file target.txt (compact mmCIF, N, CA and C atoms)
# COMPACT_ATOMS: atom_id res chain seq x y z
N MET A 1 13.80 -0.59 10.67
CA MET A 1 13.30 -1.65 11.50
C MET A 1 12.92 -2.83 10.61
N SER A 2 13.24 -3.99 11.05
CA SER A 2 12.88 -5.21 10.33
C SER A 2 12.06 -6.10 11.23
N ILE A 3 11.09 -6.75 10.63
CA ILE A 3 10.27 -7.71 11.35
C ILE A 3 10.39 -9.04 10.61
N VAL A 4 10.67 -10.08 11.36
CA VAL A 4 10.77 -11.41 10.76
C VAL A 4 9.50 -12.18 11.12
N ILE A 5 8.83 -12.65 10.10
CA ILE A 5 7.63 -13.47 10.29
C ILE A 5 7.94 -14.84 9.72
N SER A 6 7.85 -15.82 10.55
CA SER A 6 8.26 -17.16 10.15
C SER A 6 7.30 -17.75 9.11
N ASP A 7 7.83 -18.69 8.35
CA ASP A 7 7.00 -19.40 7.38
C ASP A 7 5.86 -20.14 8.07
N LYS A 8 6.12 -20.59 9.30
CA LYS A 8 5.09 -21.30 10.06
C LYS A 8 3.89 -20.39 10.31
N VAL A 9 4.16 -19.14 10.67
CA VAL A 9 3.08 -18.18 10.90
C VAL A 9 2.31 -17.95 9.60
N LEU A 10 3.04 -17.76 8.50
CA LEU A 10 2.38 -17.55 7.21
C LEU A 10 1.53 -18.76 6.83
N GLN A 11 2.01 -19.95 7.12
CA GLN A 11 1.23 -21.16 6.84
C GLN A 11 -0.02 -21.21 7.71
N THR A 12 0.14 -20.82 8.96
CA THR A 12 -1.00 -20.83 9.89
C THR A 12 -2.10 -19.88 9.43
N ILE A 13 -1.71 -18.71 8.99
CA ILE A 13 -2.72 -17.74 8.54
C ILE A 13 -3.07 -17.91 7.06
N GLN A 14 -2.43 -18.87 6.42
CA GLN A 14 -2.67 -19.20 5.02
C GLN A 14 -2.52 -18.00 4.10
N MET A 15 -1.36 -17.33 4.25
CA MET A 15 -1.05 -16.17 3.42
C MET A 15 0.39 -16.26 2.96
N SER A 16 0.64 -15.67 1.81
CA SER A 16 2.02 -15.51 1.36
C SER A 16 2.58 -14.23 1.98
N ASP A 17 3.87 -14.04 1.89
CA ASP A 17 4.47 -12.82 2.42
C ASP A 17 3.92 -11.60 1.68
N THR A 18 3.69 -11.72 0.39
CA THR A 18 3.14 -10.62 -0.40
C THR A 18 1.73 -10.28 0.04
N GLU A 19 0.92 -11.30 0.28
CA GLU A 19 -0.46 -11.07 0.73
C GLU A 19 -0.48 -10.38 2.09
N LEU A 20 0.42 -10.78 2.98
CA LEU A 20 0.49 -10.15 4.29
C LEU A 20 0.87 -8.68 4.18
N LEU A 21 1.84 -8.38 3.33
CA LEU A 21 2.22 -6.98 3.10
C LEU A 21 1.03 -6.17 2.58
N GLN A 22 0.27 -6.76 1.67
CA GLN A 22 -0.90 -6.07 1.13
C GLN A 22 -1.94 -5.82 2.22
N GLU A 23 -2.17 -6.80 3.07
CA GLU A 23 -3.15 -6.64 4.15
C GLU A 23 -2.73 -5.54 5.12
N ILE A 24 -1.45 -5.50 5.44
CA ILE A 24 -0.96 -4.45 6.35
C ILE A 24 -1.10 -3.09 5.68
N ALA A 25 -0.75 -3.02 4.40
CA ALA A 25 -0.86 -1.75 3.66
C ALA A 25 -2.30 -1.27 3.62
N ILE A 26 -3.23 -2.18 3.35
CA ILE A 26 -4.65 -1.82 3.31
C ILE A 26 -5.11 -1.31 4.67
N MET A 27 -4.73 -2.02 5.72
CA MET A 27 -5.13 -1.61 7.07
C MET A 27 -4.62 -0.21 7.40
N LEU A 28 -3.35 0.04 7.12
CA LEU A 28 -2.78 1.34 7.44
C LEU A 28 -3.35 2.44 6.54
N PHE A 29 -3.68 2.09 5.30
CA PHE A 29 -4.32 3.06 4.40
C PHE A 29 -5.72 3.41 4.93
N GLU A 30 -6.48 2.41 5.33
CA GLU A 30 -7.83 2.66 5.85
C GLU A 30 -7.79 3.52 7.10
N GLN A 31 -6.76 3.36 7.91
CA GLN A 31 -6.62 4.14 9.14
C GLN A 31 -6.01 5.52 8.86
N GLU A 32 -5.74 5.80 7.58
CA GLU A 32 -5.13 7.05 7.14
C GLU A 32 -3.75 7.28 7.76
N ARG A 33 -3.04 6.19 8.00
CA ARG A 33 -1.66 6.27 8.47
C ARG A 33 -0.69 6.19 7.31
N PHE A 34 -1.16 5.66 6.18
CA PHE A 34 -0.40 5.60 4.94
C PHE A 34 -1.16 6.39 3.88
N THR A 35 -0.42 7.10 3.06
CA THR A 35 -1.02 7.67 1.86
C THR A 35 -1.16 6.56 0.83
N LEU A 36 -1.80 6.86 -0.26
CA LEU A 36 -1.93 5.89 -1.34
C LEU A 36 -0.55 5.45 -1.83
N GLY A 37 0.34 6.42 -2.02
CA GLY A 37 1.69 6.11 -2.48
C GLY A 37 2.46 5.25 -1.50
N GLN A 38 2.38 5.60 -0.23
CA GLN A 38 3.09 4.82 0.79
C GLN A 38 2.53 3.40 0.87
N ALA A 39 1.22 3.28 0.83
CA ALA A 39 0.59 1.96 0.93
C ALA A 39 0.95 1.09 -0.27
N SER A 40 0.90 1.67 -1.46
CA SER A 40 1.23 0.87 -2.64
C SER A 40 2.69 0.45 -2.63
N ASN A 41 3.57 1.33 -2.20
CA ASN A 41 4.99 0.96 -2.09
C ASN A 41 5.19 -0.15 -1.07
N PHE A 42 4.55 -0.04 0.07
CA PHE A 42 4.68 -1.05 1.12
C PHE A 42 4.16 -2.40 0.62
N ALA A 43 3.08 -2.37 -0.17
CA ALA A 43 2.48 -3.59 -0.68
C ALA A 43 3.23 -4.14 -1.90
N LEU A 44 4.28 -3.44 -2.31
CA LEU A 44 5.09 -3.84 -3.47
C LEU A 44 4.24 -3.86 -4.75
N MET A 45 3.39 -2.85 -4.88
CA MET A 45 2.50 -2.73 -6.04
C MET A 45 2.62 -1.31 -6.57
N ASN A 46 2.30 -1.14 -7.86
CA ASN A 46 2.21 0.24 -8.32
C ASN A 46 0.85 0.78 -7.86
N GLN A 47 0.69 2.10 -7.95
CA GLN A 47 -0.52 2.71 -7.38
C GLN A 47 -1.79 2.24 -8.06
N LEU A 48 -1.75 2.03 -9.37
CA LEU A 48 -2.94 1.57 -10.07
C LEU A 48 -3.35 0.17 -9.60
N GLU A 49 -2.38 -0.71 -9.44
CA GLU A 49 -2.68 -2.05 -8.94
C GLU A 49 -3.27 -1.98 -7.54
N PHE A 50 -2.70 -1.13 -6.69
CA PHE A 50 -3.20 -1.00 -5.33
C PHE A 50 -4.61 -0.42 -5.32
N GLN A 51 -4.86 0.55 -6.19
CA GLN A 51 -6.21 1.11 -6.28
C GLN A 51 -7.21 0.05 -6.72
N ARG A 52 -6.81 -0.82 -7.63
CA ARG A 52 -7.70 -1.91 -8.06
C ARG A 52 -7.98 -2.86 -6.90
N LEU A 53 -6.95 -3.14 -6.09
CA LEU A 53 -7.13 -3.99 -4.92
C LEU A 53 -8.13 -3.35 -3.95
N LEU A 54 -7.96 -2.05 -3.72
CA LEU A 54 -8.90 -1.34 -2.85
C LEU A 54 -10.32 -1.39 -3.42
N ALA A 55 -10.45 -1.16 -4.70
CA ALA A 55 -11.76 -1.17 -5.34
C ALA A 55 -12.42 -2.54 -5.24
N SER A 56 -11.61 -3.59 -5.36
CA SER A 56 -12.17 -4.95 -5.28
C SER A 56 -12.75 -5.23 -3.89
N ARG A 57 -12.30 -4.46 -2.91
CA ARG A 57 -12.80 -4.61 -1.54
C ARG A 57 -13.76 -3.49 -1.15
N LYS A 58 -14.09 -2.66 -2.14
CA LYS A 58 -15.00 -1.54 -1.94
C LYS A 58 -14.48 -0.55 -0.89
N ILE A 59 -13.17 -0.31 -0.93
CA ILE A 59 -12.53 0.65 -0.04
C ILE A 59 -12.29 1.92 -0.84
N SER A 60 -12.85 3.02 -0.36
CA SER A 60 -12.73 4.27 -1.10
C SER A 60 -11.38 4.93 -0.85
N LEU A 61 -11.00 5.74 -1.82
CA LEU A 61 -9.76 6.49 -1.70
C LEU A 61 -10.02 7.74 -0.88
N HIS A 62 -9.11 8.07 -0.02
CA HIS A 62 -9.13 9.35 0.68
C HIS A 62 -7.85 10.04 0.23
N TYR A 63 -8.03 10.91 -0.72
CA TYR A 63 -6.90 11.49 -1.43
C TYR A 63 -7.06 12.99 -1.42
N ASP A 64 -6.13 13.68 -0.76
CA ASP A 64 -6.24 15.12 -0.68
C ASP A 64 -5.02 15.80 -1.33
N ILE A 65 -4.97 17.10 -1.25
CA ILE A 65 -3.90 17.87 -1.88
C ILE A 65 -2.53 17.49 -1.33
N ALA A 66 -2.43 17.28 -0.03
CA ALA A 66 -1.14 16.91 0.57
C ALA A 66 -0.64 15.59 0.00
N GLU A 67 -1.56 14.64 -0.19
CA GLU A 67 -1.17 13.36 -0.75
C GLU A 67 -0.77 13.50 -2.22
N LEU A 68 -1.48 14.35 -2.94
CA LEU A 68 -1.11 14.61 -4.34
C LEU A 68 0.30 15.18 -4.41
N ARG A 69 0.59 16.14 -3.56
CA ARG A 69 1.94 16.73 -3.54
C ARG A 69 3.00 15.68 -3.22
N GLU A 70 2.72 14.81 -2.26
CA GLU A 70 3.66 13.75 -1.91
C GLU A 70 3.88 12.79 -3.08
N ASP A 71 2.81 12.46 -3.76
CA ASP A 71 2.93 11.56 -4.92
C ASP A 71 3.73 12.21 -6.04
N VAL A 72 3.51 13.50 -6.27
CA VAL A 72 4.28 14.21 -7.29
C VAL A 72 5.76 14.22 -6.92
N LYS A 73 6.08 14.47 -5.66
CA LYS A 73 7.48 14.44 -5.21
C LYS A 73 8.09 13.06 -5.44
N SER A 74 7.32 12.03 -5.14
CA SER A 74 7.79 10.65 -5.33
C SER A 74 8.05 10.37 -6.80
N LEU A 75 7.15 10.81 -7.65
CA LEU A 75 7.33 10.61 -9.09
C LEU A 75 8.56 11.36 -9.59
N GLU A 76 8.73 12.59 -9.15
CA GLU A 76 9.89 13.38 -9.57
C GLU A 76 11.18 12.75 -9.09
N ALA A 77 11.19 12.21 -7.87
CA ALA A 77 12.39 11.58 -7.31
C ALA A 77 12.78 10.33 -8.09
N ASN A 78 11.79 9.73 -8.75
CA ASN A 78 12.05 8.51 -9.52
C ASN A 78 12.14 8.79 -11.02
N ASP A 79 12.37 10.05 -11.38
CA ASP A 79 12.52 10.48 -12.78
C ASP A 79 11.36 10.06 -13.67
N TRP A 80 10.14 10.12 -13.13
CA TRP A 80 8.98 9.81 -13.94
C TRP A 80 8.67 10.98 -14.85
N ARG A 81 8.34 10.68 -16.09
CA ARG A 81 8.01 11.77 -17.04
C ARG A 81 6.78 11.44 -17.79
call {"tool": "encode", "arguments": {"input": "target.txt", "output": "structure tokens"}}
result
Amino acid sequence: MSIVISDKVLQTIQMSDTELLQEIAIMLFEQERFTLGQASNFALMNQLEFQRLLASRKISLHYDIAELREDVKSLEANDWR
């Protein structure tokens, strides 16, 4: 699925496309609809950068075993060593 957001809308809300992606990722992470890995990917950030963004807003991590397993699978799929 693709969503097109016009430059006019971005100008109205005074955000860049990257900032909007980050805001959506944060919102979905807070609602526990995204894992940390999913949210950071959606926001086009690595997980450490996304964690720093969350920390700057005083948003705590909700990270459980299932999320750890998903992150390990993601790392393995990307040949991380």
call {"tool": "residues_around", "arguments": {"input": "target.txt", "residues": "A:Ser60", "least_positions_apart": "5", "cutoff": "8 Å", "atoms": "all atoms listed in the file", "output": "list in words"}}
result
Glu30, Leu54 and Ala55 of chain A
call {"tool": "select_by_dssp", "arguments": {"input": "target.txt", "residues": "stretch 6-78 of chain A", "states": "alpha helix (DSSP H)", "output": "ChimeraX atom specification"}}
result
/A:7-13,17-30,36-42,47-56,65-77
call {"tool": "residues_around", "arguments": {"input": "target.txt", "residues": "A:Ile26", "least_positions_apart": "5", "cutoff": "6.5 Å", "atoms": "all atoms listed in the file", "output": "PyMOL selection string"}}
result
chain A and resi 21+31+39
call {"tool": "atom_distance", "arguments": {"input": "target.txt", "atom1": "atom N of A:Glu76", "atom2": "atom C of A:Asn46"}}
result
14.3 Å
call {"tool": "atom_distance", "arguments": {"input": "target.txt", "atom1": "atom CA of A:Ser40", "atom2": "atom CA of A:Asn78"}}
result
14.9 Å
call {"tool": "atom_distance", "arguments": {"input": "target.txt", "atom1": "atom CA of A:His62", "atom2": "atom CA of A:Glu32"}}
result
7.9 Å
call {"tool": "closest_residue", "arguments": {"input": "target.txt", "among": "A:Ile5, A:Met45, A:Leu36, A:Ile24", "to": "A:Leu68", "atoms": "only N, CA and C atoms"}}
result
A:Leu36
call {"tool": "closest_residue", "arguments": {"input": "target.txt", "among": "A:Gln22, A:Ser16, A:Phe34, A:Leu28", "to": "A:Glu49", "atoms": "only C-alpha atoms"}}
result
A:Gln22
call {"tool": "closest_residue", "arguments": {"input": "target.txt", "among": "A:Thr18, A:Thr35, A:Gln51, A:Thr12", "to": "A:Arg69", "atoms": "only C-alpha atoms"}}
result
A:Thr35
call {"tool": "decode", "arguments": {"input": "target.txt", "residues": "stretch 10-21 of chain A", "atoms": "all heavy atoms", "output": "CSV table (one decimal), in the first residue's frame"}}
result
chain,number,residue,atom,x,y,z
A,10,LEU,N,2.6,18.8,3.9
A,10,LEU,CA,3.8,18.8,4.7
A,10,LEU,C,4.2,20.2,5.1
A,10,LEU,O,4.6,20.5,6.2
A,10,LEU,CB,5.0,18.2,3.9
A,10,LEU,CG,4.9,16.6,3.8
A,10,LEU,CD1,6.0,16.1,2.9
A,10,LEU,CD2,4.9,15.9,5.1
A,11,GLN,N,4.0,21.2,4.2
A,11,GLN,CA,4.2,22.6,4.5
A,11,GLN,C,3.2,23.1,5.5
A,11,GLN,O,3.6,23.8,6.4
A,11,GLN,CB,4.1,23.4,3.2
A,11,GLN,CG,5.2,23.2,2.2
A,11,GLN,CD,5.0,24.0,0.9
A,11,GLN,OE1,3.9,24.4,0.6
A,11,GLN,NE2,6.1,24.0,0.1
A,12,THR,N,2.0,22.7,5.4
A,12,THR,CA,1.0,23.1,6.4
A,12,THR,C,1.3,22.6,7.8
A,12,THR,O,1.1,23.4,8.7
A,12,THR,CB,-0.4,22.6,5.9
A,12,THR,OG1,-0.7,23.1,4.7
A,12,THR,CG2,-1.5,23.0,6.9
A,13,ILE,N,1.7,21.4,7.9
A,13,ILE,CA,2.1,20.9,9.2
A,13,ILE,C,3.5,21.1,9.6
A,13,ILE,O,3.9,20.8,10.7
A,13,ILE,CB,1.8,19.4,9.3
A,13,ILE,CG1,2.6,18.5,8.3
A,13,ILE,CG2,0.3,19.1,9.1
A,13,ILE,CD1,2.5,17.0,8.5
A,14,GLN,N,4.2,21.8,8.7
A,14,GLN,CA,5.6,22.2,9.0
A,14,GLN,C,6.5,21.0,9.3
A,14,GLN,O,7.2,21.1,10.4
A,14,GLN,CB,5.7,23.3,10.0
A,14,GLN,CG,5.0,24.6,9.6
A,14,GLN,CD,5.0,25.7,10.6
A,14,GLN,OE1,5.3,25.5,11.8
A,14,GLN,NE2,4.8,26.9,10.1
A,15,MET,N,6.4,20.0,8.5
A,15,MET,CA,7.2,18.8,8.7
A,15,MET,C,7.8,18.4,7.4
A,15,MET,O,7.2,18.5,6.3
A,15,MET,CB,6.4,17.7,9.3
A,15,MET,CG,5.8,17.9,10.6
A,15,MET,SD,4.8,16.5,11.1
A,15,MET,CE,6.0,15.7,12.2
A,16,SER,N,9.0,17.7,7.5
A,16,SER,CA,9.5,17.1,6.3
A,16,SER,C,8.9,15.7,6.2
A,16,SER,O,8.3,15.2,7.2
A,16,SER,CB,11.1,17.0,6.4
A,16,SER,OG,11.4,16.0,7.5
A,17,ASP,N,9.1,15.0,5.1
A,17,ASP,CA,8.6,13.7,4.9
A,17,ASP,C,9.3,12.7,6.0
A,17,ASP,O,8.6,11.9,6.5
A,17,ASP,CB,8.8,13.1,3.5
A,17,ASP,CG,10.2,13.3,3.0
A,17,ASP,OD1,11.0,14.0,3.5
A,17,ASP,OD2,10.5,12.6,2.0
A,18,THR,N,10.5,12.9,6.2
A,18,THR,CA,11.2,12.1,7.2
A,18,THR,C,10.7,12.3,8.6
A,18,THR,O,10.5,11.3,9.4
A,18,THR,CB,12.7,12.4,7.2
A,18,THR,OG1,13.3,12.2,5.9
A,18,THR,CG2,13.5,11.6,8.2
A,19,GLU,N,10.4,13.6,9.0
A,19,GLU,CA,9.8,13.8,10.3
A,19,GLU,C,8.4,13.2,10.4
A,19,GLU,O,8.1,12.7,11.5
A,19,GLU,CB,9.7,15.4,10.5
A,19,GLU,CG,11.0,16.0,10.7
A,19,GLU,CD,10.9,17.5,10.7
A,19,GLU,OE1,10.1,18.1,9.9
A,19,GLU,OE2,11.7,18.2,11.4
A,20,LEU,N,7.6,13.2,9.4
A,20,LEU,CA,6.3,12.6,9.4
A,20,LEU,C,6.4,11.1,9.6
A,20,LEU,O,5.7,10.5,10.4
A,20,LEU,CB,5.5,13.0,8.2
A,20,LEU,CG,4.1,12.4,8.1
A,20,LEU,CD1,3.3,12.9,9.3
A,20,LEU,CD2,3.4,12.8,6.8
A,21,LEU,N,7.3,10.5,8.9
A,21,LEU,CA,7.6,9.0,9.1
A,21,LEU,C,7.9,8.7,10.5
A,21,LEU,O,7.5,7.8,11.1
A,21,LEU,CB,8.6,8.5,8.1
A,21,LEU,CG,8.3,8.4,6.7
A,21,LEU,CD1,9.5,8.0,5.9
A,21,LEU,CD2,7.1,7.4,6.5
